[in-house]
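J.: query_22.pdb is reproduced in full below (PDB, C-alpha atoms and all ligand atoms).
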```pdb
ATOM      1  CA  MET A   1     229.625  46.733 236.827
ATOM      2  CA  LEU A   2     232.640  47.806 234.840
ATOM      3  CA  GLU A   3     232.805  51.449 233.867
ATOM      4  CA  VAL A   4     235.304  52.628 231.341
ATOM      5  CA  ASP A   5     235.196  56.363 231.636
ATOM      6  CA  ASN A   6     236.787  58.426 228.910
ATOM      7  CA  ILE A   7     240.123  56.641 228.786
ATOM      8  CA  SER A   8     243.007  57.482 226.488
ATOM      9  CA  THR A   9     246.354  55.766 226.336
ATOM     10  CA  GLY A  10     249.272  54.915 224.106
ATOM     11  CA  TYR A  11     252.793  53.573 223.975
ATOM     12  CA  GLY A  12     254.702  56.852 224.144
ATOM     13  CA  ASN A  13     254.053  57.867 220.592
ATOM     14  CA  GLY A  14     250.608  59.436 220.776
ATOM     15  CA  ASP A  15     247.368  57.878 221.960
ATOM     16  CA  VAL A  16     246.172  54.694 220.275
ATOM     17  CA  VAL A  17     243.024  54.561 222.430
ATOM     18  CA  LYS A  18     241.160  57.837 222.489
ATOM     19  CA  ASP A  19     238.374  59.084 224.783
ATOM     20  CA  LEU A  20     236.868  55.641 225.107
ATOM     21  CA  SER A  21     233.835  55.082 227.326
ATOM     22  CA  PHE A  22     231.510  52.159 227.820
ATOM     23  CA  ILE A  23     229.798  50.256 230.583
ATOM     24  CA  ALA A  24     229.637  46.478 230.901
ATOM     25  CA  ILE A  25     227.040  45.044 233.236
ATOM     26  CA  LYS A  26     226.258  41.737 234.934
ATOM     27  CA  LYS A  27     224.867  38.857 232.895
ATOM     28  CA  GLU A  28     225.829  40.626 229.721
ATOM     29  CA  ILE A  29     228.527  40.192 227.129
ATOM     30  CA  TYR A  30     230.301  43.256 225.855
ATOM     31  CA  VAL A  31     232.163  42.700 222.616
ATOM     32  CA  LEU A  32     234.826  44.970 221.223
ATOM     33  CA  LEU A  33     234.787  44.548 217.495
ATOM     34  CA  GLY A  34     237.376  46.122 215.260
ATOM     35  CA  ALA A  35     239.932  45.610 212.543
ATOM     36  CA  ASN A  36     243.552  44.777 213.368
ATOM     37  CA  GLY A  37     245.186  47.686 215.131
ATOM     38  CA  ALA A  38     241.879  49.327 216.132
ATOM     39  CA  GLY A  39     242.939  49.373 219.800
ATOM     40  CA  LYS A  40     241.058  46.437 221.316
ATOM     41  CA  THR A  41     244.053  44.830 223.019
ATOM     42  CA  THR A  42     245.277  48.183 224.282
ATOM     43  CA  THR A  43     241.843  48.880 225.776
ATOM     44  CA  PHE A  44     241.892  45.502 227.506
ATOM     45  CA  ARG A  45     245.362  46.208 228.888
ATOM     46  CA  VAL A  46     244.026  49.347 230.522
ATOM     47  CA  ILE A  47     240.946  47.694 231.974
ATOM     48  CA  THR A  48     242.932  44.775 233.367
ATOM     49  CA  GLY A  49     245.428  47.026 235.098
ATOM     50  CA  ILE A  50     248.438  46.360 232.869
ATOM     51  CA  LEU A  51     248.752  49.636 230.985
ATOM     52  CA  PRO A  52     247.954  52.925 232.734
ATOM     53  CA  PRO A  53     245.610  55.334 231.008
ATOM     54  CA  SER A  54     246.933  58.811 230.228
ATOM     55  CA  LYS A  55     243.487  60.041 231.186
ATOM     56  CA  GLY A  56     240.136  58.694 232.324
ATOM     57  CA  ARG A  57     239.119  56.048 234.841
ATOM     58  CA  VAL A  58     238.254  52.383 235.010
ATOM     59  CA  VAL A  59     235.845  51.585 237.819
ATOM     60  CA  VAL A  60     235.154  48.005 238.873
ATOM     61  CA  ASP A  61     232.136  47.627 241.169
ATOM     62  CA  GLY A  62     232.815  51.072 242.548
ATOM     63  CA  ILE A  63     236.574  50.560 242.930
ATOM     64  CA  ASP A  64     238.842  52.781 240.860
ATOM     65  CA  LEU A  65     241.207  50.303 239.217
ATOM     66  CA  TRP A  66     244.121  52.655 238.991
ATOM     67  CA  VAL A  67     243.688  53.905 242.570
ATOM     68  CA  GLU A  68     243.237  50.514 244.245
ATOM     69  CA  PRO A  69     244.653  48.126 241.649
ATOM     70  CA  GLU A  70     245.119  45.081 243.911
ATOM     71  CA  LYS A  71     241.533  45.171 245.119
ATOM     72  CA  ALA A  72     240.027  45.781 241.686
ATOM     73  CA  LYS A  73     242.226  43.248 239.884
ATOM     74  CA  ARG A  74     241.010  40.424 242.096
ATOM     75  CA  LYS A  75     237.655  40.833 240.428
ATOM     76  CA  ILE A  76     239.069  40.495 236.935
ATOM     77  CA  GLY A  77     240.271  37.474 234.995
ATOM     78  CA  TYR A  78     242.219  38.155 231.808
ATOM     79  CA  LEU A  79     242.938  35.958 228.840
ATOM     80  CA  PRO A  80     245.562  37.903 226.916
ATOM     81  CA  GLU A  81     245.990  37.688 223.183
ATOM     82  CA  GLY A  82     248.183  34.785 222.172
ATOM     83  CA  GLU A  83     248.629  31.987 224.641
ATOM     84  CA  ARG A  84     250.654  33.663 227.313
ATOM     85  CA  VAL A  85     251.781  31.024 229.770
ATOM     86  CA  TYR A  86     255.160  30.259 231.317
ATOM     87  CA  PRO A  87     256.625  27.811 228.785
ATOM     88  CA  ASP A  88     259.198  26.258 231.131
ATOM     89  CA  LEU A  89     256.738  25.532 233.904
ATOM     90  CA  SER A  90     254.451  22.516 233.861
ATOM     91  CA  VAL A  91     250.735  22.995 233.388
ATOM     92  CA  TYR A  92     250.226  22.456 237.105
ATOM     93  CA  LYS A  93     252.975  24.864 238.126
ATOM     94  CA  ASN A  94     251.637  27.555 235.813
ATOM     95  CA  LEU A  95     248.394  27.425 237.742
ATOM     96  CA  LEU A  96     250.125  27.018 241.098
ATOM     97  CA  PHE A  97     252.114  30.204 240.508
ATOM     98  CA  PHE A  98     248.929  32.224 240.160
ATOM     99  CA  ALA A  99     247.126  30.282 242.875
ATOM    100  CA  LYS A 100     249.783  31.533 245.305
ATOM    101  CA  ILE A 101     249.455  35.126 244.145
ATOM    102  CA  TYR A 102     245.692  35.044 244.584
ATOM    103  CA  ASP A 103     245.755  32.856 247.659
ATOM    104  CA  VAL A 104     243.660  30.200 245.943
ATOM    105  CA  LYS A 105     243.501  26.648 247.320
ATOM    106  CA  GLU A 106     245.236  23.884 245.335
ATOM    107  CA  GLU A 107     241.927  21.998 245.048
ATOM    108  CA  ARG A 108     240.764  24.686 242.682
ATOM    109  CA  ILE A 109     243.686  23.881 240.356
ATOM    110  CA  ASN A 110     242.578  20.256 240.135
ATOM    111  CA  GLU A 111     239.030  21.368 239.476
ATOM    112  CA  LEU A 112     240.135  23.517 236.566
ATOM    113  CA  LEU A 113     242.501  20.891 235.157
ATOM    114  CA  LYS A 114     239.557  18.545 234.994
ATOM    115  CA  GLU A 115     237.184  21.106 233.590
ATOM    116  CA  PHE A 116     239.529  22.127 230.783
ATOM    117  CA  GLY A 117     240.640  18.610 229.888
ATOM    118  CA  LEU A 118     244.184  19.308 231.078
ATOM    119  CA  LYS A 119     244.487  16.618 233.724
ATOM    120  CA  LYS A 120     246.640  14.333 231.637
ATOM    121  CA  TYR A 121     248.980  17.216 230.746
ATOM    122  CA  ARG A 122     249.417  18.190 234.368
ATOM    123  CA  ASN A 123     253.187  17.596 234.386
ATOM    124  CA  VAL A 124     253.867  18.610 230.794
ATOM    125  CA  LYS A 125     255.761  21.848 230.254
ATOM    126  CA  ALA A 126     253.374  24.491 228.967
ATOM    127  CA  GLY A 127     255.764  25.265 226.115
ATOM    128  CA  HIS A 128     255.301  21.724 224.830
ATOM    129  CA  LEU A 129     251.540  21.980 224.580
ATOM    130  CA  SER A 130     249.676  22.627 221.348
ATOM    131  CA  ARG A 131     248.385  26.146 220.830
ATOM    132  CA  GLY A 132     244.811  25.181 221.634
ATOM    133  CA  LEU A 133     245.858  23.450 224.851
ATOM    134  CA  ARG A 134     247.960  26.455 225.836
ATOM    135  CA  LYS A 135     244.922  28.626 225.342
ATOM    136  CA  ARG A 136     242.873  26.310 227.556
ATOM    137  CA  LEU A 137     245.581  26.621 230.191
ATOM    138  CA  ALA A 138     245.594  30.406 229.882
ATOM    139  CA  LEU A 139     241.838  30.375 230.264
ATOM    140  CA  ALA A 140     242.002  28.138 233.329
ATOM    141  CA  ARG A 141     244.499  30.589 234.778
ATOM    142  CA  ALA A 142     242.174  33.516 234.062
ATOM    143  CA  LEU A 143     239.413  31.736 235.984
ATOM    144  CA  LEU A 144     241.538  30.537 238.864
ATOM    145  CA  HIS A 145     240.443  33.169 241.369
ATOM    146  CA  ASP A 146     236.802  32.970 240.251
ATOM    147  CA  PRO A 147     236.648  36.534 238.931
ATOM    148  CA  ASP A 148     233.392  38.423 238.469
ATOM    149  CA  ILE A 149     234.611  39.959 235.259
ATOM    150  CA  LEU A 150     236.247  37.995 232.517
ATOM    151  CA  VAL A 151     238.182  39.794 229.799
ATOM    152  CA  LEU A 152     239.026  37.622 226.801
ATOM    153  CA  ASP A 153     241.223  38.915 224.002
ATOM    154  CA  GLU A 154     240.399  37.118 220.737
ATOM    155  CA  PRO A 155     239.331  33.998 222.627
ATOM    156  CA  PHE A 156     238.167  32.012 219.615
ATOM    157  CA  SER A 157     241.227  32.296 217.434
ATOM    158  CA  ASN A 158     243.504  29.257 217.066
ATOM    159  CA  LEU A 159     241.106  26.858 218.720
ATOM    160  CA  ASP A 160     239.756  23.623 217.313
ATOM    161  CA  ILE A 161     236.000  23.300 216.966
ATOM    162  CA  PRO A 162     235.372  21.242 220.145
ATOM    163  CA  THR A 163     237.356  23.772 222.177
ATOM    164  CA  VAL A 164     235.462  26.692 220.612
ATOM    165  CA  LEU A 165     232.185  24.981 221.470
ATOM    166  CA  SER A 166     233.189  24.275 225.049
ATOM    167  CA  LEU A 167     234.481  27.825 225.464
ATOM    168  CA  ARG A 168     231.172  29.186 224.230
ATOM    169  CA  ASP A 169     229.317  26.925 226.672
ATOM    170  CA  LYS A 170     231.592  28.106 229.443
ATOM    171  CA  ILE A 171     230.806  31.718 228.567
ATOM    172  CA  PHE A 172     227.059  31.012 228.621
ATOM    173  CA  GLU A 173     227.413  29.259 231.965
ATOM    174  CA  MET A 174     229.334  32.155 233.473
ATOM    175  CA  LEU A 175     226.760  34.627 232.214
ATOM    176  CA  LYS A 176     224.070  32.671 234.015
ATOM    177  CA  GLU A 177     226.179  32.817 237.168
ATOM    178  CA  GLY A 178     226.007  36.602 236.896
ATOM    179  CA  LYS A 179     229.467  37.363 235.559
ATOM    180  CA  ILE A 180     230.422  40.114 233.191
ATOM    181  CA  ILE A 181     232.122  38.893 230.039
ATOM    182  CA  LEU A 182     234.082  41.067 227.684
ATOM    183  CA  PHE A 183     235.731  39.768 224.592
ATOM    184  CA  SER A 184     237.301  41.144 221.474
ATOM    185  CA  THR A 185     237.095  39.818 217.982
ATOM    186  CA  HIS A 186     237.595  40.823 214.402
ATOM    187  CA  ILE A 187     235.534  37.838 213.255
ATOM    188  CA  LEU A 188     232.052  39.180 212.668
ATOM    189  CA  SER A 189     230.494  35.814 211.955
ATOM    190  CA  GLU A 190     231.483  34.588 215.439
ATOM    191  CA  LEU A 191     228.966  36.996 216.898
ATOM    192  CA  GLN A 192     226.053  35.130 215.365
ATOM    193  CA  ASN A 193     226.675  32.383 217.889
ATOM    194  CA  PHE A 194     225.823  34.732 220.729
ATOM    195  CA  GLU A 195     222.359  35.456 219.567
ATOM    196  CA  GLY A 196     219.835  34.915 222.294
ATOM    197  CA  VAL A 197     222.012  36.162 225.130
ATOM    198  CA  LYS A 198     222.317  39.753 226.249
ATOM    199  CA  CYS A 199     225.147  41.103 224.213
ATOM    200  CA  ARG A 200     226.271  44.555 223.210
ATOM    201  CA  VAL A 201     228.821  45.278 220.552
ATOM    202  CA  GLY A 202     231.149  48.257 220.559
ATOM    203  CA  ILE A 203     232.788  48.883 217.214
ATOM    204  CA  MET A 204     236.269  50.385 217.426
ATOM    205  CA  LYS A 205     238.112  52.251 214.760
ATOM    206  CA  GLU A 206     241.485  53.941 215.136
ATOM    207  CA  GLY A 207     241.279  53.935 218.898
ATOM    208  CA  ARG A 208     237.749  55.252 219.160
ATOM    209  CA  LEU A 209     234.435  53.612 219.856
ATOM    210  CA  VAL A 210     232.479  54.597 216.781
ATOM    211  CA  LEU A 211     229.265  52.652 217.363
ATOM    212  CA  GLU A 212     227.640  50.718 220.135
ATOM    213  CA  GLU A 213     224.682  48.520 219.392
ATOM    214  CA  ARG A 214     222.805  45.517 220.775
ATOM    215  CA  LEU A 215     223.844  42.362 218.957
ATOM    216  CA  GLU A 216     220.254  41.530 218.038
ATOM    217  CA  ASN A 217     219.896  44.877 216.280
ATOM    218  CA  LEU A 218     223.122  44.314 214.409
ATOM    219  CA  LEU A 219     222.008  40.832 213.363
ATOM    220  CA  ASN A 220     218.514  41.949 212.437
ATOM    221  CA  ARG A 221     220.046  44.276 209.964
ATOM    222  CA  ILE A 222     221.424  41.264 208.095
ATOM    223  CA  ARG A 223     218.535  38.969 208.722
ATOM    224  CA  ASN A 224     215.718  41.110 207.474
ATOM    225  CA  ILE A 225     217.179  42.801 204.491
ATOM    226  CA  ASP A 226     215.126  44.970 202.212
ATOM    227  CA  VAL A 227     215.947  44.186 198.629
ATOM    228  CA  VAL A 228     215.101  46.675 195.920
ATOM    229  CA  LEU A 229     214.084  45.124 192.605
ATOM    230  CA  LYS A 230     213.889  47.350 189.570
ATOM    231  CA  VAL A 231     211.094  45.845 187.464
ATOM    232  CA  ASP A 232     208.783  46.916 184.639
ATOM    233  CA  LYS A 233     205.347  45.806 185.926
ATOM    234  CA  LYS A 234     205.670  46.839 189.517
ATOM    235  CA  GLN A 235     202.014  46.597 190.620
ATOM    236  CA  GLN A 236     201.802  43.090 189.160
ATOM    237  CA  ALA A 237     205.118  42.169 190.822
ATOM    238  CA  LYS A 238     203.837  43.404 194.169
ATOM    239  CA  GLU A 239     200.615  41.404 194.005
ATOM    240  CA  LEU A 240     202.422  38.296 192.847
ATOM    241  CA  LEU A 241     205.065  38.354 195.555
ATOM    242  CA  GLU A 242     202.466  39.080 198.220
ATOM    243  CA  LYS A 243     200.666  35.904 197.171
ATOM    244  CA  PHE A 244     203.909  34.091 198.026
ATOM    245  CA  GLY A 245     203.836  35.653 201.467
ATOM    246  CA  TYR A 246     206.389  38.425 200.978
ATOM    247  CA  SER A 247     206.077  41.864 202.445
ATOM    248  CA  VAL A 248     206.361  44.211 199.467
ATOM    249  CA  ASN A 249     206.382  47.991 199.010
ATOM    250  CA  LEU A 250     206.052  49.921 195.812
ATOM    251  CA  GLU A 251     208.972  52.145 194.859
ATOM    252  CA  SER A 252     209.313  54.657 192.031
ATOM    253  CA  THR A 253     211.215  52.201 189.858
ATOM    254  CA  GLY A 254     210.021  48.866 191.192
ATOM    255  CA  VAL A 255     209.407  47.089 194.480
ATOM    256  CA  THR A 256     211.126  46.537 197.809
ATOM    257  CA  VAL A 257     210.884  43.025 199.220
ATOM    258  CA  ARG A 258     211.890  41.988 202.713
ATOM    259  CA  VAL A 259     213.861  38.733 202.766
ATOM    260  CA  SER A 260     215.138  36.782 205.742
ATOM    261  CA  ASN A 261     217.621  34.666 203.808
ATOM    262  CA  TYR A 262     219.117  36.600 200.928
ATOM    263  CA  ASN A 263     221.007  33.756 199.255
ATOM    264  CA  ASP A 264     218.049  31.399 199.096
ATOM    265  CA  GLU A 265     215.228  33.795 198.556
ATOM    266  CA  ILE A 266     216.510  36.122 195.862
ATOM    267  CA  PRO A 267     216.864  33.418 193.169
ATOM    268  CA  ALA A 268     213.378  32.156 194.093
ATOM    269  CA  ILE A 269     211.887  35.645 193.848
ATOM    270  CA  MET A 270     213.520  36.202 190.493
ATOM    271  CA  LYS A 271     212.105  32.938 189.171
ATOM    272  CA  ILE A 272     208.601  33.872 190.350
ATOM    273  CA  LEU A 273     208.799  37.211 188.546
ATOM    274  CA  LEU A 274     210.344  35.870 185.362
ATOM    275  CA  THR A 275     207.757  33.117 184.962
ATOM    276  CA  GLN A 276     205.129  35.872 184.856
ATOM    277  CA  GLU A 277     207.209  37.758 182.303
ATOM    278  CA  ILE A 278     208.045  40.574 184.621
ATOM    279  CA  ASN A 279     211.444  41.920 183.620
ATOM    280  CA  ILE A 280     214.069  42.590 186.294
ATOM    281  CA  TYR A 281     216.641  45.265 185.563
ATOM    282  CA  GLU A 282     218.436  45.499 188.870
ATOM    283  CA  VAL A 283     218.583  43.805 192.289
ATOM    284  CA  LYS A 284     220.243  45.553 195.198
ATOM    285  CA  THR A 285     220.024  45.497 198.958
ATOM    286  CA  LYS A 286     218.780  48.574 200.737
ATOM    287  CA  GLU A 287     220.990  47.707 203.677
ATOM    288  CA  ALA A 288     224.124  45.696 203.396
ATOM    289  CA  PRO A 289     225.086  42.424 205.060
ATOM    290  CA  ILE A 290     227.118  42.528 208.240
ATOM    291  CA  GLU A 291     230.585  42.976 206.743
ATOM    292  CA  LYS A 292     229.330  45.895 204.707
ATOM    293  CA  ILE A 293     227.521  47.382 207.688
ATOM    294  CA  PHE A 294     230.781  47.204 209.572
ATOM    295  CA  ILE A 295     232.832  48.749 206.779
ATOM    296  CA  GLU A 296     230.284  51.459 206.135
ATOM    297  CA  THR A 297     229.924  52.276 209.808
ATOM    298  CA  THR A 298     233.619  52.627 210.332
ATOM    299  CA  LYS A 299     234.218  54.421 207.019
ATOM    300  CA  SER A 300     232.213  57.451 208.016
ATOM    301  CA  TYR A 301     234.276  58.141 211.144
TER     302      TYR A 301
HETATM  303  P1  LIG A 401     244.634  43.235 216.724
HETATM  304  O1  LIG A 401     243.266  42.766 216.319
HETATM  305  O2  LIG A 401     245.591  43.231 215.579
HETATM  306  O3  LIG A 401     245.161  42.601 217.952
HETATM  307  P2  LIG A 401     243.898  45.575 218.243
HETATM  308  O4  LIG A 401     242.588  46.170 217.883
HETATM  309  O5  LIG A 401     243.928  44.704 219.432
HETATM  310  O6  LIG A 401     244.491  44.817 217.005
HETATM  311  P3  LIG A 401     246.059  47.015 219.463
HETATM  312  O7  LIG A 401     246.905  45.800 219.557
HETATM  313  O8  LIG A 401     245.484  47.570 220.689
HETATM  314  O9  LIG A 401     244.891  46.784 218.400
HETATM  315  O10 LIG A 401     246.912  48.133 218.730
HETATM  316  C1  LIG A 401     246.480  49.490 218.615
HETATM  317  C2  LIG A 401     247.646  50.303 218.076
HETATM  318  O11 LIG A 401     248.679  50.330 219.058
HETATM  319  C3  LIG A 401     248.271  49.752 216.804
HETATM  320  O12 LIG A 401     248.589  50.831 215.974
HETATM  321  C4  LIG A 401     249.514  49.062 217.289
HETATM  322  O13 LIG A 401     250.507  49.087 216.306
HETATM  323  C5  LIG A 401     249.899  49.885 218.493
HETATM  324  N1  LIG A 401     250.600  49.062 219.511
HETATM  325  C6  LIG A 401     250.103  47.952 220.089
HETATM  326  N2  LIG A 401     250.978  47.467 221.010
HETATM  327  C7  LIG A 401     252.049  48.278 220.999
HETATM  328  C8  LIG A 401     253.289  48.314 221.716
HETATM  329  N3  LIG A 401     253.585  47.410 222.632
HETATM  330  N4  LIG A 401     254.144  49.310 221.417
HETATM  331  C9  LIG A 401     253.846  50.257 220.502
HETATM  332  N5  LIG A 401     252.696  50.284 219.797
HETATM  333  C10 LIG A 401     251.801  49.314 220.031
END
```
What is this structure when it is put down as structure tokens?
T.:
Amino acid sequence: MLEVDNISTGYGNGDVVKDLSFIAIKKEIYVLLGANGAGKTTTFRVITGILPPSKGRVVVDGIDLWVEPEKAKRKIGYLPEGERVYPDLSVYKNLLFFAKIYDVKEERINELLKEFGLKKYRNVKAGHLSRGLRKRLALARALLHDPDILVLDEPFSNLDIPTVLSLRDKIFEMLKEGKIILFSTHILSELQNFEGVKCRVGIMKEGRLVLEERLENLLNRIRNIDVVLKVDKKQQAKELLEKFGYSVNLESTGVTVRVSNYNDEIPAIMKILLTQEINIYEVKTKEAPIEKIFIETTKSY
């Protein structure tokens, strides 16, 4: 378990992460979601032992990270933002450097080179690799010591589609193995790919965690949207739409219809109503799609 307990920190000019607390548990993904500058990277720097908190604690399986950093850090693998590798060292030597620090056998390097499709680049300087390959190398390095907790800063940016897919598979595999995965993103749509696994999302704004919610709840808000239709013959509209299998409620000025796919269903609903000469004066969603939910959630804090 990873406990982030009321941490604050900054870069000498006031705190940019403020009173942040959350818990990440085994077999679960914890996502930090937030706009640029919200404090995601800074939070990750604190929980990976790079940047000290000005207050609060980070506890990794009962070990206080900032009291026993060496012990706690062995349990954590970190993929920093960007593709931070040593550009003048070969792919192999990049991994060897960390293998020595963590006392990891060289066999493990070969295993990872194979797993991440880096075998043929073994002797190539990391600085000469493409961005996507550098990221794969950085990821292999993060996994070198087989950490229980994996912290990935914007893992899906700058990757080609096959690499994104294999990274996702890797994440699913590690979850099954019982690891804790944390990642940050500002790409909301990426989250839809994690449906079906245990995933919690913490939304950050200006250094604070303003909302924490299960991914399925967040996605359900987009999936089952209530759409309010202002119509003239509301009872007739209700009966008609119910015949088409919709769940409909009467409102003072019209009806509310629950749709699972807004873009496809709204034009169809409008056609159904218009063919029966029911006039529609307004169509609006009761709850907004995910981007709007995000904006609205963070606006009020
Ligand atoms: P992004 O999605 O753009 O990476 P983020 O949510 O990860 O954003 P941080 O990088 O943690 O946000 O930045 C939080 C705040 O801290 C920002 O205002 C940023 O300008 C500031 N900041 C980040 N790194 C430093 C640094 N090394 N020195 C001074 N200020 C910094």
J.: Just give me the gap between CA of Asp61 (chain A) and CA of Glu3 (chain A) in Å, one decimal is fine.
T.: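 Computing the Euclidean distance for CA of Asp61 (chain A) and CA of Glu3 (chain A) yields 8.3 Å.
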J.: Return as an MDAnalysis selection string every polymer residue, whether protein, DNA or RNA, with at least one atom no more than 10 Å from an atom of ligand LIG 401 (chain A); count only C-alpha atoms and all ligand atoms.
T.: chainID A and resid 9:17 32:45 51 81:82 153:154 184:187 204:207
J.: Counting all atoms listed in the file, which residue out of A:Gly178, A:Pro155, A:Gly127, A:Gly132 sits closest to Tyr78 (chain A)?
T.: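 Of A:Gly178, A:Pro155, A:Gly127, A:Gly132, the one nearest Tyr78 (chain A) is A:Pro155, counting all atoms listed in the file.
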J.: For the provided coordinates, the residues matched by the PyMOL selection byres (((chain A and resi 216) around 9) and not hetatm) should be stated as number ranges by chain.
T.: A: 195-196, 198-200, 213-215, 217-221
J.: Distance CA of Ser21 (chain A)-CA of Asn6 (chain A), one decimal place?
T.: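 According to the coordinates, CA of Ser21 (chain A) and CA of Asn6 (chain A) are separated by 4.7 Å.
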J.: Quick one: residues within 8 Å of Ile29 (chain A), only C-alpha atoms counted, chain neighbours fewer than 4 positions away excluded, as number ranges by chain?
T.: A: 24-25, 175, 180-183, 197-200
J.: Given the file above and the PyMOL selection byres (((chain A and resi 85) around 12) and not hetatm), which residues are selected, and can you give them as a ChimeraX atom specification?
T.: /A:79-84,86-95,97-98,125-129,131,133-142
J.: If you keep C-alpha atoms, can you produce a file of those selected residues as a PDB file, in the coordinates of the input?
T.:
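Heads up, here's the output in part-v8.pdb:
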```pdb
ATOM      1  CA  LEU A  79     242.938  35.958 228.840  1.00  0.00           C
ATOM      2  CA  PRO A  80     245.562  37.903 226.916  1.00  0.00           C
ATOM      3  CA  GLU A  81     245.990  37.688 223.183  1.00  0.00           C
ATOM      4  CA  GLY A  82     248.183  34.785 222.172  1.00  0.00           C
ATOM      5  CA  GLU A  83     248.629  31.987 224.641  1.00  0.00           C
ATOM      6  CA  ARG A  84     250.654  33.663 227.313  1.00  0.00           C
ATOM      7  CA  TYR A  86     255.160  30.259 231.317  1.00  0.00           C
ATOM      8  CA  PRO A  87     256.625  27.811 228.785  1.00  0.00           C
ATOM      9  CA  ASP A  88     259.198  26.258 231.131  1.00  0.00           C
ATOM     10  CA  LEU A  89     256.738  25.532 233.904  1.00  0.00           C
ATOM     11  CA  SER A  90     254.451  22.516 233.861  1.00  0.00           C
ATOM     12  CA  VAL A  91     250.735  22.995 233.388  1.00  0.00           C
ATOM     13  CA  TYR A  92     250.226  22.456 237.105  1.00  0.00           C
ATOM     14  CA  LYS A  93     252.975  24.864 238.126  1.00  0.00           C
ATOM     15  CA  ASN A  94     251.637  27.555 235.813  1.00  0.00           C
ATOM     16  CA  LEU A  95     248.394  27.425 237.742  1.00  0.00           C
ATOM     17  CA  PHE A  97     252.114  30.204 240.508  1.00  0.00           C
ATOM     18  CA  PHE A  98     248.929  32.224 240.160  1.00  0.00           C
ATOM     19  CA  LYS A 125     255.761  21.848 230.254  1.00  0.00           C
ATOM     20  CA  ALA A 126     253.374  24.491 228.967  1.00  0.00           C
ATOM     21  CA  GLY A 127     255.764  25.265 226.115  1.00  0.00           C
ATOM     22  CA  HIS A 128     255.301  21.724 224.830  1.00  0.00           C
ATOM     23  CA  LEU A 129     251.540  21.980 224.580  1.00  0.00           C
ATOM     24  CA  ARG A 131     248.385  26.146 220.830  1.00  0.00           C
ATOM     25  CA  LEU A 133     245.858  23.450 224.851  1.00  0.00           C
ATOM     26  CA  ARG A 134     247.960  26.455 225.836  1.00  0.00           C
ATOM     27  CA  LYS A 135     244.922  28.626 225.342  1.00  0.00           C
ATOM     28  CA  ARG A 136     242.873  26.310 227.556  1.00  0.00           C
ATOM     29  CA  LEU A 137     245.581  26.621 230.191  1.00  0.00           C
ATOM     30  CA  ALA A 138     245.594  30.406 229.882  1.00  0.00           C
ATOM     31  CA  LEU A 139     241.838  30.375 230.264  1.00  0.00           C
ATOM     32  CA  ALA A 140     242.002  28.138 233.329  1.00  0.00           C
ATOM     33  CA  ARG A 141     244.499  30.589 234.778  1.00  0.00           C
ATOM     34  CA  ALA A 142     242.174  33.516 234.062  1.00  0.00           C
TER      35      ALA A 142
END
```
J.: Name every residue that the PyMOL selection byres (((chain A and resi 282) around 9) and not hetatm) selects in this structure, writing the answer as a PDB file with C-alpha atoms, keeping the file's coordinate frame with chains first and numbers rising.
T.:
```pdb
ATOM      1  CA  VAL A 228     215.101  46.675 195.920  1.00  0.00           C
ATOM      2  CA  LEU A 229     214.084  45.124 192.605  1.00  0.00           C
ATOM      3  CA  LYS A 230     213.889  47.350 189.570  1.00  0.00           C
ATOM      4  CA  VAL A 231     211.094  45.845 187.464  1.00  0.00           C
ATOM      5  CA  ILE A 280     214.069  42.590 186.294  1.00  0.00           C
ATOM      6  CA  TYR A 281     216.641  45.265 185.563  1.00  0.00           C
ATOM      7  CA  VAL A 283     218.583  43.805 192.289  1.00  0.00           C
ATOM      8  CA  LYS A 284     220.243  45.553 195.198  1.00  0.00           C
TER       9      LYS A 284
END
```
J.: Around (231.7, 44.5, 233.6) in the file's own coordinates, what residues are found within 10 Å if you use only C-alpha atoms, given back as a VMD selection string?
T.: chain A and resid 1 to 4 22 to 30 47 59 to 61 75 to 76 148 to 151 179 to 182
J.: Could you work out how far CA of Arg74 (chain A) lies from CA of Leu118 (chain A), giving the answer in Å with one decimal?
T.: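 Between these atoms lies a distance of 24.0 Å.
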J.: For each of A:Val227, A:Val257, A:Leu144, A:Val124, take the minimum atom-to-atom distance to Leu241 (chain A), counting all atoms listed in the file, then give the residue where this is smallest.
T.: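 Nearest candidate to Leu241 (chain A) out of A:Val227, A:Val257, A:Leu144, A:Val124: A:Val257.
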J.: Taking all atoms listed in the file into account, name the residue in A:Leu240, A:Ile171, A:Val255, A:Val58 that is nearest to Thr285 (chain A).
T.: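 Residue with the minimum atom-to-atom distance to Thr285 (chain A): A:Val255.
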J.: A:Leu113, A:Leu65, A:Ile266, A:Val46: which is nearest Ile7 (chain A), counting only C-alpha atoms?
T.: A:Val46
J.: Please list as number ranges by chain every residue within 10 Å of Glu115 (chain A), counting only C-alpha atoms and excluding residues in the same chain fewer than 4 positions away.
T.: A: 109-111, 119, 136, 140, 166, 170
J.: Take the residues from that selection and put them in a file with C-alpha atoms, as a PDB file, in the frame of the given file.
T.:
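Output file part.pdb follows:
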```
ATOM      1  CA  ILE A 109     243.686  23.881 240.356  1.00  0.00           C
ATOM      2  CA  ASN A 110     242.578  20.256 240.135  1.00  0.00           C
ATOM      3  CA  GLU A 111     239.030  21.368 239.476  1.00  0.00           C
ATOM      4  CA  LYS A 119     244.487  16.618 233.724  1.00  0.00           C
ATOM      5  CA  ARG A 136     242.873  26.310 227.556  1.00  0.00           C
ATOM      6  CA  ALA A 140     242.002  28.138 233.329  1.00  0.00           C
ATOM      7  CA  SER A 166     233.189  24.275 225.049  1.00  0.00           C
ATOM      8  CA  LYS A 170     231.592  28.106 229.443  1.00  0.00           C
TER       9      LYS A 170
END
```
J.: Using all atoms listed in the file, which of the listed residues (A:Lys286, A:Gly254, A:Ser260, A:Arg168) sits closest to Asp226 (chain A)?
T.: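 Checking each candidate against Asp226 (chain A), we get A:Lys286 as the closest.
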